[in-house]
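Structure record follows, encoded as structure tokens.
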Amino acid sequence: MPTMEHDVQKLTLKREVELTGAVSFIAGTMIGSGIFISPQYVLAAIGSPGASLVIWACCGLLAMLGGLSYAELGTVIPESGAEYIYMLRTVGKVVAFMFVFTFINVMRPVSASGIALAFAEYVVAPFYSCSPPQLVVKCVAAAGILTLAVVNCLNVRLATGIQVVTMVVKVLALAVIVLGGAVTLFQGQSNSFNNFFKGTNIGANSIGIAFYQGLWSYDGWNTLNYLTEELKHPEVNLPRALVIAISMVTALYLMVNVSYLTVMTPKELMSSTAVAVTWGNKMFGNWGWIMSVAAALSAFGSLNGTFFSGGRVCFVAAREGHMPDILSMAHVHRLTPSPALIFTTTISLIVLIPGDFQSIVNYFSFTAWFFYAITLSGLLYLKIKKPELPRPYRVPILIPILVLIAAVFLVLAPIIDDPQIEYLYVTLFIFSGVLVYVPFIHYKLCPGLLRKLTVFLQLFLEVAPAEKNL
């Protein structure tokens with residue numbers, strides 16, 4: 001991208017995000033569809049209510065330690081872009097390209113598909129007494145993806161309004177679940193807590209899959225690192241916001257899970273396809289559908305957030321010459337990142353065809369923690385090899401080492417304990433980024449063809465290079 005555009009972007013990224021906004025940004029991103037649909041999968045994988053609560057607490061601790069490690073990275077490398085920019089500055093262009101290639105082609109679309117499936121499960125749950133047909137669920141999920149893609153392409157204000165409304169709904173829904181569980185618990189209903197750890201699965205695969213499902217609900221702990229350049233006093237506010245937000249979310253998730261286990265038996269929870277609906281039916285009878293609406297709106301808001309934040313990594317990668325310029329462009333009138341949104345929507349719909357929620361979450365988590373491990377290795381490299389770099393914020397070296405060990409375990413445990421061909425496919429796709437990088441990025445083959453395609457798409461989509469507010 002030309003130097004002028006680079007400079008304009010730099011000039012327009014103002015440090016306007018304060019501590020309150022930073023906490024809200026992290027917590028609002030983390031609290032989404034996961035807590036309404038992952039608990040049954042965590043319990044099914046680990047086998048006992050007590051172990052499931054331990055998993056939820058450990059997921060929160062892991063997110064906290066990962067966040068603090070990222071806080072040091074964010075102050076040593078004070079640029080927006082999170083993993084992409086950290087890998088670019090520590091392990092080099094090839095690995096950074098592998099990440100952004102996988103992120104844009106797999107991680108973001110897979111995340112959108114998983115959230116859309118959660119949304120669809122809650123939309124159709126009140127209409128079926130047993131598990132709804134997968135075709136119906138996937139059609140509703142596709143409709144949700146297409147609707148929000150159109151909204152985000154056409155109107156930023158409407159997309160923002162959806163985010164605000166759904167944030168209020170999700171907080172109210174979780175408050176109702178916590179209060180309902182507390183009332184039931186005080187009434188003496190605590191059968192689920194008898195033999196609390198009976199039936200715990202202690203295999204590496206069971207623990208790894210339980211962590212995958214739980215960490216899906218914590219996804220977003222690294223959100224603030226995508227906009228480090230816009231955070232006021234990042235050396236203070238970045239770690240402080242992380243500690244406050246992740247502590248709040250962890251406590252909330254634990255209370256919600258206790259409520260689920262108080263109102264439902266473990267068997268009821270594991271057999272439910274929409275746990276908040278089952279909880280609502282047991283608590284409110286005929287009015288249980290209210291929880292279905294609330295959970296669906298929460299997932300809808302999370303899906304909207306996925307699209308709403310879509311242009312940032314594309315922009316940074318295109319700025320570094322690692323992605324086609326077209327993915328960083330915005331509509332000339334509506335100022336929305338429509339090319340990136342259209343691309344993500346297309347891949348999301350393709351992923352939706354063969355995928356189910358549990359598999360999508362597992363493969364997303366596998367891929368995410370693979371790259372978290374590389375990013376944390378970069379932090380250890382900076383700590384050991386470049387101690388002279390200014391560090392407004394430091395974490396003890398033990399913390400990134402612990403998170404790195406956990407990341408390696410999460411990547412390897414399911415493969416070693418229960419090998420599945422799908423993990424091989426995901427790994428091959430990640431490394432296929434090298435095959436794209438060498439000819440098209442390093443040697444710049446077919447630049448003329450790419451320029452012609454870019455010009456055609458610019459005219460067809462009415463987009464131009466984005467200079468601000470993406």
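In the structure tokens, each chain is lettered A, B, ... as it comes, each chain's residues begin at 1, and ligands are numbered from 1 in order of appearance.
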Query raised in the report: So which residues touch stretch 181-188 of chain A within 8 Å, counting only C-alpha atoms, skipping near sequence neighbours fewer than 5 positions away, as JSON, numbers by chain?
Result: {"A": [256, 258, 259, 260, 262, 263]}
Query raised in the report: Taking the backbone alone, and naming residues the way the document does, which bits of stretch 73-118 of chain A are alpha helix (DSSP H) by DSSP, as a PyMOL selection string?
Result: chain A and resi 73-76+83-90+93-102+108-118
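Non-sequential neighbours of A:Ile347 (distance at most 9 Å, separation of 2 or more positions within a chain, only C-alpha atoms) are Asn105, Val106, Pro109, Val110, Ile342, Phe343, Thr344, Thr345, Leu349, Ile350, Val351 and Leu352 of chain A.
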Query raised in the report: What is the distance, in Å and to one decimal place, between atom CA of A:Ser69 and atom CA of A:Arg394?
Result: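 So the answer is 8.3 Å.
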Query raised in the report: Counting only C-alpha atoms, what is within 10 Å of A:Gly203, bar same-chain residues fewer than 3 positions away, as JSON, numbers by chain?
Result: {"A": [45, 46, 200, 206, 207, 208, 413, 414, 417, 418]}
Export N, CA and C atoms of the chosen residues as a short mmCIF file (atom, residue, chain, number, x, y, z; two decimals), in the first residue's frame?
data_model
loop_
_atom_site.label_atom_id
_atom_site.label_comp_id
_atom_site.auth_asym_id
_atom_site.auth_seq_id
_atom_site.Cartn_x
_atom_site.Cartn_y
_atom_site.Cartn_z
N ALA A 45 -18.08 -33.54 27.90
CA ALA A 45 -16.69 -33.93 27.66
C ALA A 45 -15.99 -34.36 28.95
N ILE A 46 -16.21 -33.61 30.04
CA ILE A 46 -15.46 -33.86 31.27
C ILE A 46 -16.18 -34.82 32.21
N THR A 200 -16.01 -38.26 36.47
CA THR A 200 -15.06 -37.36 35.79
C THR A 200 -14.18 -38.13 34.80
N SER A 206 -10.42 -35.79 26.61
CA SER A 206 -11.62 -35.25 27.28
C SER A 206 -11.34 -33.88 27.87
N ILE A 207 -10.18 -33.75 28.53
CA ILE A 207 -9.82 -32.46 29.14
C ILE A 207 -9.60 -31.41 28.05
N GLY A 208 -8.90 -31.81 26.98
CA GLY A 208 -8.65 -30.87 25.87
C GLY A 208 -9.92 -30.39 25.22
N ALA A 413 -3.02 -32.48 22.78
CA ALA A 413 -3.76 -33.50 23.53
C ALA A 413 -4.83 -34.21 22.71
N PRO A 414 -5.74 -33.47 22.03
CA PRO A 414 -6.77 -34.18 21.26
C PRO A 414 -6.19 -35.01 20.11
N ASP A 417 -4.35 -38.21 21.92
CA ASP A 417 -5.25 -39.11 22.64
C ASP A 417 -6.33 -39.71 21.73
N ASP A 418 -6.80 -38.91 20.77
CA ASP A 418 -7.86 -39.39 19.87
C ASP A 418 -7.65 -38.77 18.49
#
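Between A:Ala142 and the residues A:Gly74, A:Ile353, A:Tyr41, A:Leu65, the shortest atom-to-atom distance, using only C-alpha atoms, involves A:Ile353.
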**Report entry** Who sits within 10 Å of A:Leu461, only C-alpha atoms, same chain under 2 positions skipped, as an NGL selection string
**Finding:** :A and (326 or 329-332 or 338-339 or 455-459 or 463-464)
**Report entry** Straight-line distance linking atom CA of A:Gly285 with atom CA of A:Ala125, stated in Å to one decimal
**Finding:**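 Pair atom CA of A:Gly285 / atom CA of A:Ala125 returns 14.5 Å.
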Requested in this report: Extract the full set of strand (DSSP E or B) residues from stretch 215-458 of chain A according to DSSP on the backbone, and format it as a PyMOL selection string.
Outcome: chain A and resi 231+329-331
**Report entry** Proximity to A:Pro354 - best of A:Asn201, A:Ser113, A:Thr265, A:Ser48, only C-alpha atoms
**Finding:** A:Ser113
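Nearest residue to A:Phe36 among A:Met291, A:Ala149, A:Ala210, A:Ala276 is A:Ala276, counting only C-alpha atoms.
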Report task. Mind checking which residues fall within 10 Å of A:Trp216, counting only C-alpha atoms, ignoring those fewer than 6 positions away in the same chain, and posting them as number ranges by chain? Result -> A: 30, 32-35, 38, 59, 111, 114, 361-362, 364-365
Atoms to include: N, CA, C and O atoms. Write the selected residues as a short mmCIF file (atom, residue, chain, number, x, y, z; two decimals), in the first residue's frame.
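Result saved to again_24.cif:
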data_model
loop_
_atom_site.label_atom_id
_atom_site.label_comp_id
_atom_site.auth_asym_id
_atom_site.auth_seq_id
_atom_site.Cartn_x
_atom_site.Cartn_y
_atom_site.Cartn_z
N MET A 30 -16.42 -10.92 24.89
CA MET A 30 -16.34 -12.25 25.46
C MET A 30 -17.73 -12.86 25.72
O MET A 30 -17.96 -14.04 25.44
N GLY A 32 -20.98 -13.79 24.81
CA GLY A 32 -21.74 -13.91 23.57
C GLY A 32 -22.60 -15.14 23.58
O GLY A 32 -23.34 -15.40 24.53
N SER A 33 -22.47 -15.94 22.54
CA SER A 33 -23.31 -17.13 22.42
C SER A 33 -22.80 -18.29 23.26
O SER A 33 -23.54 -19.20 23.62
N GLY A 34 -21.48 -18.27 23.58
CA GLY A 34 -20.85 -19.44 24.20
C GLY A 34 -21.49 -19.88 25.50
O GLY A 34 -21.77 -21.07 25.69
N ILE A 35 -21.74 -18.94 26.41
CA ILE A 35 -22.26 -19.30 27.73
C ILE A 35 -23.68 -19.86 27.64
O ILE A 35 -24.15 -20.54 28.56
N SER A 38 -22.33 -23.63 25.26
CA SER A 38 -21.17 -24.47 25.54
C SER A 38 -21.27 -25.32 26.82
O SER A 38 -20.63 -26.36 26.89
N CYS A 59 -10.39 -22.09 32.61
CA CYS A 59 -10.47 -21.34 31.34
C CYS A 59 -10.33 -19.84 31.62
O CYS A 59 -9.63 -19.12 30.89
N SER A 111 -15.62 -18.88 13.15
CA SER A 111 -16.21 -18.24 14.33
C SER A 111 -17.62 -17.75 14.03
O SER A 111 -18.56 -17.99 14.81
N GLY A 114 -19.99 -20.75 13.80
CA GLY A 114 -20.30 -21.31 15.12
C GLY A 114 -21.33 -20.47 15.85
O GLY A 114 -22.29 -21.00 16.44
N VAL A 361 -16.37 -25.47 16.87
CA VAL A 361 -15.68 -24.89 18.02
C VAL A 361 -14.34 -25.58 18.26
O VAL A 361 -13.33 -24.93 18.53
N ASN A 362 -14.31 -26.91 18.16
CA ASN A 362 -13.06 -27.65 18.38
C ASN A 362 -11.98 -27.23 17.39
O ASN A 362 -10.82 -26.98 17.77
N PHE A 364 -11.85 -24.45 15.57
CA PHE A 364 -11.51 -23.05 15.80
C PHE A 364 -10.52 -22.92 16.95
O PHE A 364 -9.51 -22.23 16.85
N SER A 365 -10.82 -23.61 18.08
CA SER A 365 -9.97 -23.51 19.26
C SER A 365 -8.59 -24.10 18.99
O SER A 365 -7.56 -23.55 19.41
#
Could the residues of stretch 35-148 of chain A that have an atom at most 12 Å from stretch 375-379 of chain A be listed as a Markdown table, each with its closest atom pair and the distance in Å to one decimal, counting only C-alpha atoms and ordered by chain and ascending residue number?
| residue | atom | partner | partner_atom | distance |
| --- | --- | --- | --- | --- |
| A:Leu65 | CA | A:Leu376 | CA | 11.0 |
| A:Gly66 | CA | A:Leu376 | CA | 8.4 |
| A:Gly67 | CA | A:Leu376 | CA | 10.7 |
| A:Leu68 | CA | A:Leu376 | CA | 11.0 |
| A:Ser69 | CA | A:Leu376 | CA | 7.4 |
| A:Tyr70 | CA | A:Leu376 | CA | 8.0 |
| A:Ala71 | CA | A:Leu379 | CA | 10.5 |
| A:Glu72 | CA | A:Leu379 | CA | 8.1 |
| A:Leu73 | CA | A:Leu379 | CA | 6.4 |
| A:Gly74 | CA | A:Leu379 | CA | 10.2 |
| A:Thr75 | CA | A:Leu379 | CA | 11.3 |
| A:Val76 | CA | A:Leu379 | CA | 9.3 |
| A:Ile77 | CA | A:Leu379 | CA | 10.2 |
| A:Ala82 | CA | A:Thr375 | CA | 9.2 |
| A:Glu83 | CA | A:Thr375 | CA | 6.2 |
| A:Tyr84 | CA | A:Thr375 | CA | 8.7 |
| A:Ile85 | CA | A:Thr375 | CA | 9.7 |
| A:Tyr86 | CA | A:Thr375 | CA | 6.6 |
| A:Met87 | CA | A:Thr375 | CA | 6.0 |
| A:Leu88 | CA | A:Gly378 | CA | 9.7 |
| A:Arg89 | CA | A:Gly378 | CA | 8.5 |
| A:Thr90 | CA | A:Gly378 | CA | 5.3 |
| A:Val91 | CA | A:Gly378 | CA | 6.4 |
| A:Gly92 | CA | A:Gly378 | CA | 9.9 |
| A:Val95 | CA | A:Thr375 | CA | 10.1 |
| A:Ala96 | CA | A:Thr375 | CA | 9.7 |
| A:Phe99 | CA | A:Thr375 | CA | 10.2 |
Query raised in the report: Do you know which residues are at most 8 Å from A:Phe193 counting only C-alpha atoms, after dropping those on the same chain fewer than 2 positions away, and could you put them as a ChimeraX atom specification?
Result: /A:49-50,190-191,195-196,261-262
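Atom pair atom CA of A:Ser292 / atom CA of A:Ile26 has a distance of 24.6 Å (rounded to one decimal).
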Query raised in the report: Of the candidates A:Ala274, A:Leu424, A:Leu231, A:Leu453, which one gets nearest to A:Pro324 if we count only C-alpha atoms?
Result: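 Among A:Ala274, A:Leu424, A:Leu231, A:Leu453, it is A:Leu453 that comes nearest to A:Pro324.
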